[in-house]
Amino acid sequence: MKVILREDIPELGTAGQTIEVKSGYGRNYLFPRNLAIPASKANLKAIGEIEKQKTIREKKSRRQADIIKDKIEKISVSAEVLVGEEDRVFGSVTANEIAKLMETEGVLIDKRAVQLEEPIKALGVYTVPIKVDKEVTASLKVWVIKKA
């Protein structure tokens with residue numbers, strides 16, 4: 001059965017793409033959830049409209065991502081950690097802690113958006129990449145300081 005996807009589906013394809021699926025999958029999953037439409041002649045002509053709507057949604061989400069990126073890059077957060085002899089940090093500063101610190105600054109992000117290669121285990125100033133959108137990545141300054 002040939003169908004036209006209305007939305008991006010990771011395993012199948014992108015919106016507007018015409019693909020071949022098993023008829024049961026199309027009837028029982030894709031059509032009821034409004035994820036696809038049958039590939040008839042009339043619907044094939046409507047692909048252009050679907051693609052226009054997709055580009056409009058992408059532009060809107062890109063603008064929102066740029067606004068969030070600007071907001072993130074204007075702030076810096078401080079993580080207070082316990083230290084021992086020779087300024088050795090007990091534990092580490094993780095992506096989850098950075099997300100919570102950003103929440104106190106008024107920026108809500110998911111901890112999976114924090115792109116830390118490994119947890120921070122030393123005092124200092126770090127620039128942490130935050131993935132806001134597919135193509136938009138912001139840089140956040142994180143100050144790791146001694147707890148007084």
# chains A, B, ... in the order shown; residues from 1 in each chain; ligands from 1
>>> select_by_dssp(residues="stretch 11-134 of chain A", states="alpha helix (DSSP H)", output="VMD selection string")
chain A and resid 23 to 25 41 to 45 47 to 74 95 to 104
>>> write_last_selection(atoms="C-alpha atoms", output="PDB file, in the first residue's frame")
ATOM      1  CA  SER A  23      -1.723  -2.480   4.375  1.00  0.00           C
ATOM      2  CA  GLY A  24      -2.489  -3.389   8.001  1.00  0.00           C
ATOM      3  CA  TYR A  25       0.119  -0.933   9.303  1.00  0.00           C
ATOM      4  CA  LYS A  41      -3.884  11.124  -7.463  1.00  0.00           C
ATOM      5  CA  ALA A  42      -5.650  13.908  -5.573  1.00  0.00           C
ATOM      6  CA  ASN A  43      -3.512  13.373  -2.488  1.00  0.00           C
ATOM      7  CA  LEU A  44      -0.322  13.363  -4.546  1.00  0.00           C
ATOM      8  CA  LYS A  45      -1.247  16.872  -5.715  1.00  0.00           C
ATOM      9  CA  ILE A  47       1.874  17.020  -1.191  1.00  0.00           C
ATOM     10  CA  GLY A  48       2.923  20.562  -2.011  1.00  0.00           C
ATOM     11  CA  GLU A  49       0.603  21.954   0.657  1.00  0.00           C
ATOM     12  CA  ILE A  50       1.939  19.487   3.231  1.00  0.00           C
ATOM     13  CA  GLU A  51       5.509  20.516   2.426  1.00  0.00           C
ATOM     14  CA  LYS A  52       4.582  24.223   2.738  1.00  0.00           C
ATOM     15  CA  GLN A  53       3.100  23.591   6.183  1.00  0.00           C
ATOM     16  CA  LYS A  54       6.211  21.649   7.179  1.00  0.00           C
ATOM     17  CA  THR A  55       8.538  24.489   6.175  1.00  0.00           C
ATOM     18  CA  ILE A  56       6.356  26.989   8.056  1.00  0.00           C
ATOM     19  CA  ARG A  57       6.514  24.799  11.202  1.00  0.00           C
ATOM     20  CA  GLU A  58      10.294  24.422  10.825  1.00  0.00           C
ATOM     21  CA  LYS A  59      10.795  28.179  10.473  1.00  0.00           C
ATOM     22  CA  LYS A  60       8.631  28.825  13.530  1.00  0.00           C
ATOM     23  CA  SER A  61      10.481  26.263  15.658  1.00  0.00           C
ATOM     24  CA  ARG A  62      13.817  27.643  14.405  1.00  0.00           C
ATOM     25  CA  ARG A  63      12.821  31.190  15.469  1.00  0.00           C
ATOM     26  CA  GLN A  64      11.785  29.930  18.909  1.00  0.00           C
ATOM     27  CA  ALA A  65      15.046  27.983  19.193  1.00  0.00           C
ATOM     28  CA  ASP A  66      17.059  31.099  18.326  1.00  0.00           C
ATOM     29  CA  ILE A  67      15.213  33.070  21.025  1.00  0.00           C
ATOM     30  CA  ILE A  68      15.982  30.360  23.597  1.00  0.00           C
ATOM     31  CA  LYS A  69      19.605  30.229  22.411  1.00  0.00           C
ATOM     32  CA  ASP A  70      19.998  33.981  22.949  1.00  0.00           C
ATOM     33  CA  LYS A  71      18.461  33.674  26.420  1.00  0.00           C
ATOM     34  CA  ILE A  72      20.829  30.801  27.343  1.00  0.00           C
ATOM     35  CA  GLU A  73      23.938  32.581  26.087  1.00  0.00           C
ATOM     36  CA  LYS A  74      23.146  35.693  28.151  1.00  0.00           C
ATOM     37  CA  ALA A  95      23.987  17.376  33.064  1.00  0.00           C
ATOM     38  CA  ASN A  96      21.040  16.944  35.440  1.00  0.00           C
ATOM     39  CA  GLU A  97      22.476  19.496  37.884  1.00  0.00           C
ATOM     40  CA  ILE A  98      23.152  21.978  35.063  1.00  0.00           C
ATOM     41  CA  ALA A  99      19.538  21.612  33.873  1.00  0.00           C
ATOM     42  CA  LYS A 100      18.314  22.298  37.437  1.00  0.00           C
ATOM     43  CA  LEU A 101      20.577  25.361  37.726  1.00  0.00           C
ATOM     44  CA  MET A 102      19.186  26.689  34.442  1.00  0.00           C
ATOM     45  CA  GLU A 103      15.663  26.125  35.738  1.00  0.00           C
ATOM     46  CA  THR A 104      16.422  28.465  38.665  1.00  0.00           C
TER      47      THR A 104
END
>>> atom_distance(atom1="atom CA of A:Asp8", atom2="atom CA of A:Val136")
18.9 Å
>>> residues_around(residues="A:Ala113", least_positions_apart="6", cutoff="9 Å", atoms="only C-alpha atoms", output="JSON, numbers by chain")
{"A": [95, 99, 129, 130, 131, 132, 133]}
>>> write_last_selection(atoms="N, CA, C and O atoms", output="short mmCIF file (atom, residue, chain, number, x, y, z; two decimals), in the first residue's frame")
data_model
loop_
_atom_site.label_atom_id
_atom_site.label_comp_id
_atom_site.auth_asym_id
_atom_site.auth_seq_id
_atom_site.Cartn_x
_atom_site.Cartn_y
_atom_site.Cartn_z
N ALA A 95 24.94 16.71 33.95
CA ALA A 95 23.99 17.38 33.06
C ALA A 95 22.68 17.66 33.80
O ALA A 95 22.05 18.71 33.59
N ALA A 99 20.93 21.35 34.27
CA ALA A 99 19.54 21.61 33.87
C ALA A 99 18.76 22.23 35.03
O ALA A 99 17.96 23.15 34.83
N PRO A 129 27.94 23.05 25.84
CA PRO A 129 26.98 23.17 24.74
C PRO A 129 25.60 22.64 25.14
O PRO A 129 25.49 21.59 25.77
N ILE A 130 24.56 23.40 24.79
CA ILE A 130 23.17 23.03 25.07
C ILE A 130 22.46 22.90 23.71
O ILE A 130 22.38 23.88 22.98
N LYS A 131 21.96 21.72 23.41
CA LYS A 131 21.28 21.51 22.13
C LYS A 131 19.84 21.95 22.26
O LYS A 131 19.04 21.32 22.95
N VAL A 132 19.50 23.06 21.61
CA VAL A 132 18.18 23.64 21.70
C VAL A 132 17.24 23.03 20.66
O VAL A 132 16.09 22.74 20.94
N ASP A 133 17.76 22.83 19.44
CA ASP A 133 16.98 22.28 18.34
C ASP A 133 17.93 21.43 17.50
O ASP A 133 19.12 21.34 17.80
#
